[in-house]
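Source file: my_file-v9.csv (CSV, C-alpha atoms and all ligand atoms)
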```
chain,number,residue,atom,x,y,z
V,1,MET,CA,-7.5,12.2,19.4
V,2,LYS,CA,-4.8,9.7,18.5
V,3,LYS,CA,-5.9,6.0,18.7
V,4,PHE,CA,-2.7,4.4,20.1
V,5,LYS,CA,-3.0,1.2,22.0
V,6,PHE,CA,0.7,1.0,22.6
V,7,ASP,CA,0.8,0.3,26.4
V,8,GLY,CA,4.0,-1.6,27.0
V,9,LEU,CA,5.3,-1.3,23.4
V,10,LYS,CA,8.3,0.7,24.3
V,11,GLN,CA,9.4,-1.8,26.8
V,12,ALA,CA,8.7,-4.7,24.4
V,13,ILE,CA,10.9,-3.0,21.8
V,14,SER,CA,13.7,-2.5,24.2
V,15,THR,CA,13.7,-6.1,25.5
V,16,ALA,CA,13.2,-7.8,22.1
V,17,LYS,CA,16.4,-9.2,20.6
V,18,ASN,CA,15.0,-10.0,17.2
V,19,MET,CA,12.3,-7.9,15.4
V,20,SER,CA,10.7,-8.1,12.0
V,21,ILE,CA,8.9,-5.5,10.0
V,22,VAL,CA,6.4,-6.8,7.4
V,23,SER,CA,4.0,-5.2,4.9
V,24,HIS,CA,1.4,-6.3,2.3
V,25,ARG,CA,1.8,-8.1,-1.0
V,26,ASN,CA,2.5,-5.9,-4.1
V,27,PRO,CA,4.0,-3.3,-1.8
V,28,ASP,CA,3.3,0.4,-2.7
V,29,GLY,CA,5.1,3.5,-1.7
V,30,ASP,CA,3.4,3.6,1.7
V,31,ALA,CA,4.2,0.0,2.4
V,32,VAL,CA,7.9,0.2,1.5
V,33,GLY,CA,8.3,3.7,2.9
V,34,SER,CA,6.8,2.9,6.3
V,35,SER,CA,8.8,-0.4,6.6
V,36,LEU,CA,12.1,1.3,5.7
V,37,ALA,CA,11.5,4.3,7.9
V,38,LEU,CA,10.7,2.2,11.0
V,39,TYR,CA,13.7,-0.1,10.2
V,40,ILE,CA,16.2,2.7,9.9
V,41,CYS,CA,14.9,4.4,13.0
V,42,LEU,CA,15.0,1.2,15.1
V,43,LYS,CA,18.5,0.4,13.8
V,44,GLU,CA,19.5,4.0,14.7
V,45,ILE,CA,18.3,3.5,18.3
V,46,TYR,CA,19.2,-0.2,18.7
V,47,PRO,CA,22.2,-1.0,16.5
V,48,GLU,CA,22.9,-4.2,18.3
V,49,LYS,CA,19.5,-5.7,17.7
V,50,SER,CA,18.7,-8.0,14.8
V,51,ILE,CA,15.9,-6.2,12.8
V,52,GLN,CA,14.7,-7.4,9.3
V,53,VAL,CA,12.2,-6.0,6.8
V,54,ILE,CA,10.4,-8.8,5.0
V,55,LEU,CA,8.1,-8.0,2.1
V,56,PRO,CA,6.0,-10.6,0.4
V,57,ASN,CA,7.2,-9.8,-3.1
V,58,LYS,CA,9.0,-7.1,-5.1
V,59,TYR,CA,7.7,-3.5,-5.5
V,60,PRO,CA,7.7,-1.4,-8.7
V,61,ALA,CA,11.0,0.0,-10.1
V,62,PHE,CA,9.9,3.5,-9.5
V,63,LEU,CA,10.6,2.9,-5.7
V,64,GLU,CA,14.0,1.4,-6.3
V,65,TRP,CA,15.8,4.6,-5.2
V,66,LEU,CA,14.6,4.4,-1.6
V,67,PRO,CA,17.4,4.4,1.0
V,68,ARG,CA,18.6,1.0,2.4
V,69,GLN,CA,16.2,-1.0,0.3
V,70,ASP,CA,19.0,-3.5,-0.5
V,71,GLU,CA,18.6,-4.7,3.1
V,72,ILE,CA,15.0,-5.9,2.5
V,73,LEU,CA,14.3,-9.6,2.3
V,74,PHE,CA,11.6,-10.8,-0.1
V,75,PHE,CA,9.5,-13.8,1.1
V,76,GLU,CA,8.7,-15.0,-2.4
V,77,GLN,CA,12.5,-15.2,-3.2
V,78,ASN,CA,13.6,-16.5,0.1
V,79,PRO,CA,10.7,-18.4,1.8
V,80,SER,CA,12.8,-20.5,4.1
V,81,THR,CA,15.1,-17.8,5.4
V,82,SER,CA,12.1,-15.4,5.8
V,83,THR,CA,10.2,-18.1,7.7
V,84,GLU,CA,13.1,-18.8,10.0
V,85,ILE,CA,13.6,-15.0,10.8
V,86,LEU,CA,9.8,-14.6,11.4
V,87,GLU,CA,9.8,-17.6,13.7
V,88,GLN,CA,12.8,-16.2,15.7
V,89,SER,CA,11.3,-12.8,16.1
V,90,ASP,CA,10.2,-11.6,19.5
V,91,LEU,CA,8.1,-8.8,18.0
V,92,ILE,CA,6.7,-8.4,14.5
V,93,PHE,CA,5.5,-5.0,13.1
V,94,THR,CA,2.8,-5.3,10.5
V,95,LEU,CA,2.5,-2.1,8.5
V,96,ASP,CA,-0.1,-0.8,6.0
V,97,PHE,CA,-2.3,-3.9,6.3
V,98,ASN,CA,-4.6,-5.4,8.9
V,99,ASP,CA,-5.2,-9.0,7.9
V,100,PHE,CA,-2.6,-11.7,7.3
V,101,SER,CA,-4.3,-12.6,4.0
V,102,ARG,CA,-2.9,-9.4,2.5
V,103,ALA,CA,0.6,-10.8,2.8
V,104,GLY,CA,-0.3,-13.4,0.2
V,105,HIS,CA,-1.2,-17.0,0.8
V,106,GLN,CA,2.2,-18.5,1.7
V,107,MET,CA,3.4,-15.7,4.0
V,108,ALA,CA,-0.1,-15.5,5.6
V,109,GLU,CA,0.2,-19.1,6.6
V,110,VAL,CA,3.5,-18.6,8.3
V,111,LEU,CA,2.3,-15.4,10.2
V,112,SER,CA,-0.9,-17.1,11.4
V,113,ALA,CA,1.0,-20.0,12.9
V,114,LEU,CA,3.2,-17.8,15.1
V,115,SER,CA,2.5,-17.0,18.7
V,116,THR,CA,4.8,-13.9,18.6
V,117,GLU,CA,3.5,-10.5,19.7
V,118,PHE,CA,2.4,-8.4,16.8
V,119,VAL,CA,2.2,-4.6,16.4
V,120,MET,CA,-0.3,-3.2,13.8
V,121,ILE,CA,0.1,0.3,12.4
V,122,ASP,CA,-2.5,0.7,9.6
V,123,HIS,CA,-5.1,2.9,8.1
V,124,HIS,CA,-7.4,0.4,6.4
V,125,GLN,CA,-10.9,-0.5,7.5
V,126,GLN,CA,-12.0,-3.6,9.5
V,127,PRO,CA,-8.7,-4.7,11.2
V,128,SER,CA,-8.3,-8.3,12.2
V,129,GLU,CA,-7.6,-9.1,15.9
V,130,TYR,CA,-4.0,-10.4,15.9
V,131,ALA,CA,-2.1,-7.4,17.3
V,132,LYS,CA,-1.2,-6.9,21.0
V,133,TYR,CA,-0.1,-3.3,20.2
V,134,LEU,CA,-2.4,-1.4,17.9
V,135,TYR,CA,-2.6,1.9,16.1
V,136,SER,CA,-5.5,1.7,13.6
V,137,ASP,CA,-7.0,4.9,12.2
V,138,THR,CA,-8.9,5.0,8.9
V,139,SER,CA,-9.0,8.8,8.9
V,140,ILE,CA,-5.2,9.2,8.3
V,141,GLY,CA,-4.1,9.3,4.7
V,142,SER,CA,-1.0,7.0,5.0
V,143,THR,CA,0.7,4.5,7.3
V,144,CYS,CA,3.8,6.7,6.9
V,145,GLU,CA,2.0,9.6,8.6
V,146,MET,CA,1.1,7.1,11.4
V,147,ILE,CA,4.7,6.0,11.7
V,148,TYR,CA,5.7,9.6,12.2
V,149,GLU,CA,3.1,10.0,14.9
V,150,SER,CA,4.3,6.7,16.5
V,151,PHE,CA,7.8,8.0,16.6
V,152,VAL,CA,6.6,11.1,18.4
V,153,TYR,CA,4.5,9.0,20.8
V,154,LEU,CA,7.4,6.6,21.5
V,155,GLY,CA,9.9,9.4,22.1
V,156,PHE,CA,12.0,8.5,19.0
V,157,LYS,CA,11.8,11.9,17.3
V,158,ASP,CA,15.3,12.9,18.2
V,159,SER,CA,16.6,9.8,16.2
V,160,LEU,CA,15.0,10.9,12.9
V,161,ASN,CA,17.3,11.7,10.0
V,162,GLN,CA,17.1,12.5,6.3
V,163,GLN,CA,16.9,8.9,5.2
V,164,ILE,CA,13.9,8.2,7.5
V,165,GLY,CA,12.4,11.5,6.3
V,166,GLU,CA,12.8,10.4,2.6
V,167,CYS,CA,11.0,7.1,3.3
V,168,LEU,CA,8.1,8.8,5.2
V,169,TYR,CA,7.8,11.6,2.6
V,170,THR,CA,7.5,9.0,-0.2
V,171,GLY,CA,4.7,7.1,1.5
V,172,ILE,CA,2.7,10.2,2.5
V,173,MET,CA,3.1,11.6,-1.0
V,174,THR,CA,2.0,8.4,-2.8
V,175,ASP,CA,-0.9,7.6,-0.5
V,176,THR,CA,-2.4,11.1,-0.6
V,177,GLY,CA,-2.1,11.4,-4.4
V,178,SER,CA,0.6,14.0,-3.9
V,179,PHE,CA,-1.3,15.7,-1.1
V,180,LYS,CA,-4.6,16.1,-2.9
V,181,PHE,CA,-6.9,13.4,-1.4
V,182,PRO,CA,-9.3,14.6,1.3
V,183,SER,CA,-7.4,12.7,3.9
V,184,THR,CA,-4.6,15.2,3.6
V,185,SER,CA,-4.8,17.3,6.7
V,186,SER,CA,-3.1,20.3,8.1
V,187,ARG,CA,-1.2,17.8,10.3
V,188,THR,CA,-0.1,16.0,7.2
V,189,HIS,CA,1.4,19.3,5.9
V,190,GLN,CA,3.0,20.0,9.3
V,191,ILE,CA,4.7,16.6,9.3
V,192,ILE,CA,5.9,17.1,5.6
V,193,GLY,CA,7.4,20.5,6.8
V,194,GLU,CA,9.2,18.7,9.6
V,195,LEU,CA,10.5,16.1,7.1
V,196,ILE,CA,11.8,18.9,4.8
V,197,ASP,CA,13.6,20.3,7.9
V,198,LEU,CA,15.3,17.0,8.3
V,199,GLY,CA,16.9,17.6,4.9
V,200,VAL,CA,14.5,15.8,2.6
V,201,GLU,CA,14.7,17.3,-0.9
V,202,ASN,CA,11.0,17.2,-1.7
V,203,SER,CA,11.1,18.0,-5.4
V,204,LYS,CA,13.7,15.3,-5.9
V,205,ILE,CA,11.4,12.7,-4.3
V,206,HIS,CA,8.6,13.6,-6.7
V,207,GLN,CA,11.1,13.4,-9.6
V,208,ASN,CA,12.6,10.1,-8.5
V,209,THR,CA,9.2,8.5,-8.1
V,210,PHE,CA,7.1,10.0,-10.9
V,211,ASP,CA,9.4,11.0,-13.7
V,212,GLN,CA,10.6,7.5,-14.4
V,213,ASN,CA,8.4,6.6,-17.3
V,214,SER,CA,9.5,4.3,-20.1
V,215,LEU,CA,8.2,4.9,-23.6
V,216,ASN,CA,6.4,1.5,-23.3
V,217,ARG,CA,4.6,2.7,-20.2
V,218,LEU,CA,3.3,5.8,-21.9
V,219,HIS,CA,2.2,3.8,-25.0
V,220,LEU,CA,0.4,1.4,-22.6
V,221,LEU,CA,-1.3,4.5,-21.1
V,222,GLY,CA,-2.4,5.3,-24.6
V,223,VAL,CA,-4.0,1.9,-25.0
V,224,ALA,CA,-5.7,2.3,-21.6
V,225,MET,CA,-7.1,5.6,-22.6
V,226,GLN,CA,-8.4,4.1,-25.9
V,227,ASN,CA,-10.1,1.4,-23.8
V,228,LEU,CA,-11.7,3.8,-21.4
V,229,ARG,CA,-15.5,3.4,-21.2
V,230,VAL,CA,-18.2,5.5,-19.5
V,231,ILE,CA,-21.5,4.4,-18.1
V,232,GLU,CA,-22.9,7.9,-18.1
V,233,GLN,CA,-26.2,7.4,-16.3
V,234,HIS,CA,-24.3,5.9,-13.3
V,235,GLN,CA,-21.3,8.3,-13.3
V,236,VAL,CA,-19.0,5.3,-13.7
V,237,ALA,CA,-15.9,5.0,-15.9
V,238,TYR,CA,-13.7,1.9,-16.4
V,239,ILE,CA,-10.6,0.8,-18.2
V,240,SER,CA,-9.5,-2.7,-19.2
V,241,LEU,CA,-6.1,-4.0,-20.2
V,242,SER,CA,-5.7,-7.6,-21.5
V,243,GLN,CA,-2.6,-9.7,-21.1
V,244,GLN,CA,-1.9,-9.3,-24.8
V,245,GLU,CA,-2.0,-5.5,-24.5
V,246,LEU,CA,0.4,-5.7,-21.6
V,247,ASP,CA,2.7,-8.0,-23.4
V,248,GLN,CA,2.8,-5.8,-26.5
V,249,HIS,CA,4.2,-3.0,-24.3
V,250,GLN,CA,6.7,-5.1,-22.3
V,251,PHE,CA,4.6,-4.6,-19.1
V,252,GLN,CA,6.7,-4.1,-15.9
V,253,LYS,CA,5.4,-4.2,-12.4
V,254,GLY,CA,4.0,-0.7,-11.5
V,255,ASP,CA,3.4,0.4,-15.1
V,256,THR,CA,-0.4,0.6,-14.6
V,257,GLU,CA,-0.1,2.5,-11.3
V,258,GLY,CA,-2.3,5.6,-11.4
V,259,PHE,CA,-4.1,4.7,-14.7
V,260,VAL,CA,-7.4,4.2,-12.8
V,261,ASN,CA,-7.4,7.9,-11.7
V,262,TYR,CA,-7.9,9.1,-15.3
V,263,GLY,CA,-11.5,7.7,-15.2
V,264,LEU,CA,-12.2,9.9,-12.1
V,265,SER,CA,-10.8,13.0,-13.9
V,266,ILE,CA,-13.8,12.9,-16.4
V,267,LYS,CA,-16.3,15.5,-15.6
V,268,GLY,CA,-19.3,14.1,-13.6
V,269,ILE,CA,-17.7,10.7,-12.9
V,270,ASN,CA,-17.5,9.6,-9.3
V,271,PHE,CA,-16.6,5.9,-9.6
V,272,ALA,CA,-13.7,4.5,-11.7
V,273,ALA,CA,-12.3,1.1,-12.1
V,274,ILE,CA,-9.5,-0.7,-14.0
V,275,PHE,CA,-9.5,-4.4,-14.9
V,276,ILE,CA,-6.1,-5.9,-15.6
V,277,GLU,CA,-5.7,-9.4,-16.9
V,278,ASN,CA,-3.0,-11.6,-15.2
V,279,LYS,CA,-2.7,-14.8,-17.2
V,280,GLN,CA,0.0,-16.2,-14.9
V,281,GLU,CA,-2.1,-15.9,-11.7
V,282,GLN,CA,-5.3,-16.6,-13.7
V,283,ILE,CA,-7.1,-13.6,-12.2
V,284,ILE,CA,-8.3,-10.2,-13.2
V,285,LYS,CA,-6.8,-7.7,-10.7
V,286,ILE,CA,-9.2,-4.8,-10.2
V,287,SER,CA,-8.7,-1.3,-8.7
V,288,PHE,CA,-11.5,1.0,-7.7
V,289,ARG,CA,-11.5,4.7,-7.0
V,290,SER,CA,-14.3,7.1,-6.1
V,291,VAL,CA,-15.0,10.6,-4.9
V,292,GLY,CA,-17.4,11.6,-2.1
V,293,ASP,CA,-19.8,9.2,-0.6
V,294,VAL,CA,-19.4,6.3,-3.1
V,295,ASP,CA,-17.9,3.5,-1.0
V,296,VAL,CA,-15.7,1.4,-3.1
V,297,ASN,CA,-14.3,-0.5,-0.1
V,298,LYS,CA,-17.9,-1.9,0.4
V,299,PHE,CA,-18.3,-2.5,-3.3
V,300,ALA,CA,-15.0,-4.4,-3.5
V,301,ARG,CA,-15.8,-6.5,-0.5
V,302,GLU,CA,-19.3,-7.4,-1.6
V,303,HIS,CA,-18.6,-8.2,-5.2
V,304,PHE,CA,-14.9,-8.7,-6.0
V,305,ASP,CA,-13.3,-10.4,-3.0
V,306,GLY,CA,-11.4,-7.3,-2.0
V,307,GLY,CA,-11.4,-4.2,0.2
V,308,GLY,CA,-9.3,-1.2,1.0
V,309,HIS,CA,-10.6,2.3,1.8
V,310,LYS,CA,-13.8,4.1,1.1
V,311,ASN,CA,-12.4,6.0,-1.9
V,312,ALA,CA,-9.6,3.6,-3.0
V,313,ALA,CA,-10.0,-0.2,-3.0
V,314,GLY,CA,-9.0,-3.3,-4.9
V,315,GLY,CA,-10.2,-6.8,-5.6
V,316,LYS,CA,-10.0,-9.7,-8.0
V,317,SER,CA,-12.1,-11.9,-10.2
V,318,ASN,CA,-11.6,-15.5,-11.4
V,319,LEU,CA,-13.8,-15.0,-14.5
V,320,SER,CA,-12.4,-14.0,-17.9
V,321,LEU,CA,-11.7,-10.3,-18.6
V,322,GLU,CA,-14.9,-10.0,-20.7
V,323,GLU,CA,-17.0,-11.9,-18.1
V,324,THR,CA,-15.6,-9.8,-15.3
V,325,ILE,CA,-16.6,-6.6,-17.1
V,326,ARG,CA,-20.0,-7.9,-17.9
V,327,LYS,CA,-20.5,-8.8,-14.2
V,328,PHE,CA,-19.3,-5.3,-13.2
V,329,GLU,CA,-21.6,-3.5,-15.7
V,330,LYS,CA,-24.5,-5.6,-14.5
V,331,ILE,CA,-23.9,-4.7,-10.8
V,332,ILE,CA,-23.6,-1.0,-11.7
V,333,LYS,CA,-26.7,-1.0,-13.8
V,334,ASN,CA,-28.6,-2.6,-10.9
V,335,ASP,CA,-27.4,0.3,-8.8
V,336,TYR,CA,-25.0,-2.0,-6.8
P,401,LIG,P1,-4.7,-0.5,-5.5
P,401,LIG,O1,-5.9,-0.4,-6.3
P,401,LIG,O2,-3.8,0.6,-5.5
P,401,LIG,O3,-4.0,-1.8,-5.7
P,401,LIG,O4,-5.2,-0.6,-4.0
P,401,LIG,C1,-6.0,0.4,-3.4
P,401,LIG,C2,-6.3,0.1,-2.0
P,401,LIG,O5,-7.1,-1.1,-1.9
P,401,LIG,C3,-5.1,-0.2,-1.2
P,401,LIG,O6,-5.2,0.4,0.1
P,401,LIG,C4,-5.0,-1.6,-1.0
P,401,LIG,O7,-4.4,-2.0,0.2
P,401,LIG,C5,-6.4,-2.1,-1.1
P,401,LIG,N1,-6.5,-3.4,-1.9
P,401,LIG,C6,-6.1,-3.6,-3.2
P,401,LIG,N2,-6.4,-4.8,-3.5
P,401,LIG,C7,-7.0,-5.5,-2.5
P,401,LIG,C8,-7.5,-6.8,-2.3
P,401,LIG,O8,-7.4,-7.6,-3.1
P,401,LIG,N3,-8.0,-7.0,-1.1
P,401,LIG,C9,-8.1,-6.0,-0.1
P,401,LIG,N4,-8.7,-6.4,1.1
P,401,LIG,N5,-7.6,-4.8,-0.3
P,401,LIG,C10,-7.1,-4.5,-1.4
P,402,MN,MN,-1.3,2.9,2.8
```

Target encoding C-alpha cells, full file:
Amino acid sequence: MKKFKFDGLKQAISTAKNMSIVSHRNPDGDAVGSSLALYICLKEIYPEKSIQVILPNKYPAFLEWLPRQDEILFFEQNPSTSTEILEQSDLIFTLDFNDFSRAGHQMAEVLSALSTEFVMIDHHQQPSEYAKYLYSDTSIGSTCEMIYESFVYLGFKDSLNQQIGECLYTGIMTDTGSFKFPSTSSRTHQIIGELIDLGVENSKIHQNTFDQNSLNRLHLLGVAMQNLRVIEQHQVAYISLSQQELDQHQFQKGDTEGFVNYGLSIKGINFAAIFIENKQEQIIKISFRSVGDVDVNKFAREHFDGGGHKNAAGGKSNLSLEETIRKFEKIIKNDY
C-alpha cells in the first residue's frame, strides 16, 4: 500500500506560480537526483511557471555530470537570492529529508519562518510535521523511487524523458548501494527497467558516478584501510581520518563516500563506523552502517546527535577525534 497523503496536491501544483524544490545539506545522489528529476518533469509540464531547485550547499564532483545541474541555486553561495525565492514560493517541495534542521542552520531558519505550503517526499524515520502534502515511507530504498511513484500517482508519467530517467536512476542506484541493500525490491527493479526504456544508459551512469577516482582519493582509501580497527567481541569495525590525513591527500568533498562500507565487508562484522575530522566546522562527522537488526538510526540519535535509517545513519561530535573514538568504544563495550 502506497502511503500518499497528496489530496489536492495536483491542484496546488497547477495553481502555483512559483515553486521551489529543496533537499538536505551535503546532498547525495538521491538528494540531487530527486530534486533534478522533479524539476525537469515540472518544467516539462509547466514551462511557464517559475521553478527553482535550491540546495543548501555543493555536492561531490562525482555527481557533476547530472543533467541541468547548472540551473541549481546553492543557498550557501546565494543566501539572499535563495531566501527571496523561497519567500515568494507558493509551494515548496522538500525531498530526501524530513526535518528543517537537515537543511543546515541558516536555511532551516528561513524555511521555519515561512507560512508556505510544503510537500514532503522522504524515506527517513520520524518525520516532522510541517508538510501539508506528505509521502513518507521508510521501507522504500530511495527518494528517487518515491518520486517515480509520485509521478505515476499524479499522472505525470507521460511527461518522463531520458534526462528525468538519468536523475532517478542515479538516486536509486546510490541509495540502494547499486541495488544490493535489502530495501531493493522487485518494484525497484521494475522502475529501473522503465527508466532504461526511457533511454537511460545504465552502465554509463555507473561509470560516470563511480569510475571518477583521483589517485589522491585511492591513496586516502589506503590510509583509511590502515586505520581500520575491529572490536571483535562486539562485531564492530571503525575507521578514523584526521584533518591532517585528509590534507595530505588534497581531500575533496565526496572523497570518503563509501569508505565506511569496508568495515561491514569484514566477516562477522555487523556494525561499522567512520569518524572524519573537520577542523573548519570543529566537528567530527560520523557515518554508521549496519546489517540486520542493529539499529544505527537509534544509536546515532541517542549518542551522536544524528539519525537516518536503521542500517545507515550519521551524526556528529564536538569532542576531539581521539575523545570521540574513546566515547564510541565505551558505548560499544557497554553494549550500547
Ligand atoms: P551518510 O553517512 O551517508 O552521511 O548518511 C547516512 C544516512 O544518515 C543518510 O540517510 C543521511 O540522511 C543520514 N544522516 C547523516 N548525517 C546525519 C545527521 O547528522 N543527522 C541526521 N538526522 N541524519 C543524518
Ligand atoms: Mn535518500

Check your understanding: Interatomic distance between CA of Tyr133 (chain V) and CA of Ile92 (chain V)?
Key -> 10.2 Å

**Study point:** Neighbours of point (8.3, -6.5, 21.6) within 12 Å, using all atoms listed in the file, written as an MDAnalysis selection string
**Key:** chainID V and resid 6:21 49 51 89:93 116:119 131:133

Revision key, fill the gap. In Å and to one decimal, CA of Lys330 (chain V) is distant from CA of Ser101 (chain V) by 28.3 Å

**Study point:** Polymer residues at most 9 Å from region 256-264 of chain V, all atoms listed in the file, same-chain spacing of 3 or more positions, as a PyMOL selection string
**Key:** chain V and resi 217+220-221+224-225+228-230+236-239+251-253+267-274+276+287-291

Check your understanding: Given the choices V:Ile283, V:Ile205, V:Gly307, V:Gly292, which gets closest to Thr324 (chain V) if the distance is worked out from all atoms listed in the file?
Key ->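 The shortest atom-to-atom distance to Thr324 (chain V) comes from V:Ile283.
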
Point to revise | Nearest residue to Asp158 (chain V) from the set V:Glu245, V:Glu44, V:Asp211, V:Glu64 (distances using all atoms listed in the file) | key: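 Once distances to Asp158 (chain V) are computed over all atoms listed in the file, the minimum belongs to V:Glu44.
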
Review point. Can you tell me, as an MDAnalysis selection string, what residues are no more than 7 Å from region 184-196 of chain V when counting all atoms listed in the file, ignoring any on the same chain fewer than 5 positions away?
Key: chainID V and resid 141 145 165 169 176 179 201:202

Keeping only C-alpha atoms, write the selected residues to a file as an mmCIF file, in the coordinates of the input.
```
data_model
loop_
_atom_site.group_PDB
_atom_site.id
_atom_site.type_symbol
_atom_site.label_atom_id
_atom_site.label_comp_id
_atom_site.auth_asym_id
_atom_site.auth_seq_id
_atom_site.Cartn_x
_atom_site.Cartn_y
_atom_site.Cartn_z
ATOM 1 C CA GLY V 141 -4.100 9.300 4.700
ATOM 2 C CA GLU V 145 2.000 9.600 8.600
ATOM 3 C CA GLY V 165 12.400 11.500 6.300
ATOM 4 C CA TYR V 169 7.800 11.600 2.600
ATOM 5 C CA THR V 176 -2.400 11.100 -0.600
ATOM 6 C CA PHE V 179 -1.300 15.700 -1.100
ATOM 7 C CA GLU V 201 14.700 17.300 -0.900
ATOM 8 C CA ASN V 202 11.000 17.200 -1.700
#
```

Check your understanding: Given the choices V:Gln233, V:Gln243, V:Ser265, V:Asn98, which gets closest to ligand MN 402 (chain P) if the distance is worked out from all atoms listed in the file?
Key ->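 Using all atoms listed in the file, ligand MN 402 (chain P) sits closest to V:Asn98.
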
Study note, to complete from the structure: Atom pair CA of Val152 (chain V) + CA of Ile164 (chain V), distance 13.4 Å

Review point. Can you tell me, as an MDAnalysis selection string, what residues are no more than 10 Å from Leu218 (chain V) when counting all atoms listed in the file, ignoring any on the same chain fewer than 4 positions away?
Key: chainID V and resid 213:214 222:224 249 255:256

May I have the residues within 6 Å of ligand LIG 401 (chain P), computed using all atoms listed in the file, as a tab-separated table (two decimals) with C-alpha atoms, in the coordinates of the input?
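The new file part.tsv reads:
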```tsv
chain	number	residue	atom	x	y	z
V	287	SER	CA	-8.70	-1.30	-8.70
V	288	PHE	CA	-11.50	1.00	-7.70
V	306	GLY	CA	-11.40	-7.30	-2.00
V	307	GLY	CA	-11.40	-4.20	0.20
V	308	GLY	CA	-9.30	-1.20	1.00
V	309	HIS	CA	-10.60	2.30	1.80
V	312	ALA	CA	-9.60	3.60	-3.00
V	313	ALA	CA	-10.00	-0.20	-3.00
V	314	GLY	CA	-9.00	-3.30	-4.90
V	315	GLY	CA	-10.20	-6.80	-5.60
V	316	LYS	CA	-10.00	-9.70	-8.00
```

Using all atoms listed in the file, find each residue of chain V with at least one atom at most 6 Å away from an atom of ligand MN 402 (chain P); report its shortest atom-to-atom pair and that distance in Å (one decimal), sort the rows by chain and rising residue number, and return the result as a Markdown table.
```
| residue | atom | partner | partner_atom | distance |
| --- | --- | --- | --- | --- |
| V:Asp30 | CA | P:MN402 | MN | 4.9 |
| V:Asp96 | CA | P:MN402 | MN | 5.0 |
| V:Ser142 | CA | P:MN402 | MN | 4.7 |
| V:Thr143 | CA | P:MN402 | MN | 5.2 |
| V:Asp175 | CA | P:MN402 | MN | 5.8 |
```

Review point. What residues have an atom no more than 6 Å from (-10.5, -7.3, -11.9) in the file's own frame, counting all atoms listed in the file, and can you write them as a PyMOL selection string?
Key: chain V and resi 275-276+284-286+316-317

Check your understanding: Smallest atom-to-atom distance to Val53 (chain V): which of V:Ile331, V:Ile172, V:Leu36, V:Leu246, using all atoms listed in the file?
Key -> V:Leu36

Skipping near chain neighbours, those fewer than 6 positions away, what residues fall within 12 Å of Gln69 (chain V) using all atoms listed in the file, listed as a PDB file with C-alpha atoms, in the coordinates of the input?
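Everything below was put into around-v4.pdb:
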```pdb
ATOM      1  CA  VAL V  32       7.900   0.200   1.500  1.00  0.00           C
ATOM      2  CA  GLY V  33       8.300   3.700   2.900  1.00  0.00           C
ATOM      3  CA  SER V  34       6.800   2.900   6.300  1.00  0.00           C
ATOM      4  CA  SER V  35       8.800  -0.400   6.600  1.00  0.00           C
ATOM      5  CA  LEU V  36      12.100   1.300   5.700  1.00  0.00           C
ATOM      6  CA  ALA V  37      11.500   4.300   7.900  1.00  0.00           C
ATOM      7  CA  TYR V  39      13.700  -0.100  10.200  1.00  0.00           C
ATOM      8  CA  ILE V  40      16.200   2.700   9.900  1.00  0.00           C
ATOM      9  CA  GLN V  52      14.700  -7.400   9.300  1.00  0.00           C
ATOM     10  CA  VAL V  53      12.200  -6.000   6.800  1.00  0.00           C
ATOM     11  CA  ILE V  54      10.400  -8.800   5.000  1.00  0.00           C
ATOM     12  CA  LEU V  55       8.100  -8.000   2.100  1.00  0.00           C
ATOM     13  CA  LYS V  58       9.000  -7.100  -5.100  1.00  0.00           C
ATOM     14  CA  TYR V  59       7.700  -3.500  -5.500  1.00  0.00           C
ATOM     15  CA  ALA V  61      11.000   0.000 -10.100  1.00  0.00           C
ATOM     16  CA  LEU V  63      10.600   2.900  -5.700  1.00  0.00           C
ATOM     17  CA  GLN V 163      16.900   8.900   5.200  1.00  0.00           C
ATOM     18  CA  ILE V 164      13.900   8.200   7.500  1.00  0.00           C
ATOM     19  CA  CYS V 167      11.000   7.100   3.300  1.00  0.00           C
TER      20      CYS V 167
END
```

Contacts of Lys279 (chain V) at 10 Å or less, counting only C-alpha atoms, minus same-chain residues fewer than 6 places along, as a PDB file with C-alpha atoms, keeping the file's coordinate frame?
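File produced: out.pdb:
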```pdb
ATOM      1  CA  SER V 242      -5.700  -7.600 -21.500  1.00  0.00           C
ATOM      2  CA  GLN V 243      -2.600  -9.700 -21.100  1.00  0.00           C
ATOM      3  CA  GLN V 244      -1.900  -9.300 -24.800  1.00  0.00           C
ATOM      4  CA  SER V 320     -12.400 -14.000 -17.900  1.00  0.00           C
TER       5      SER V 320
END
```
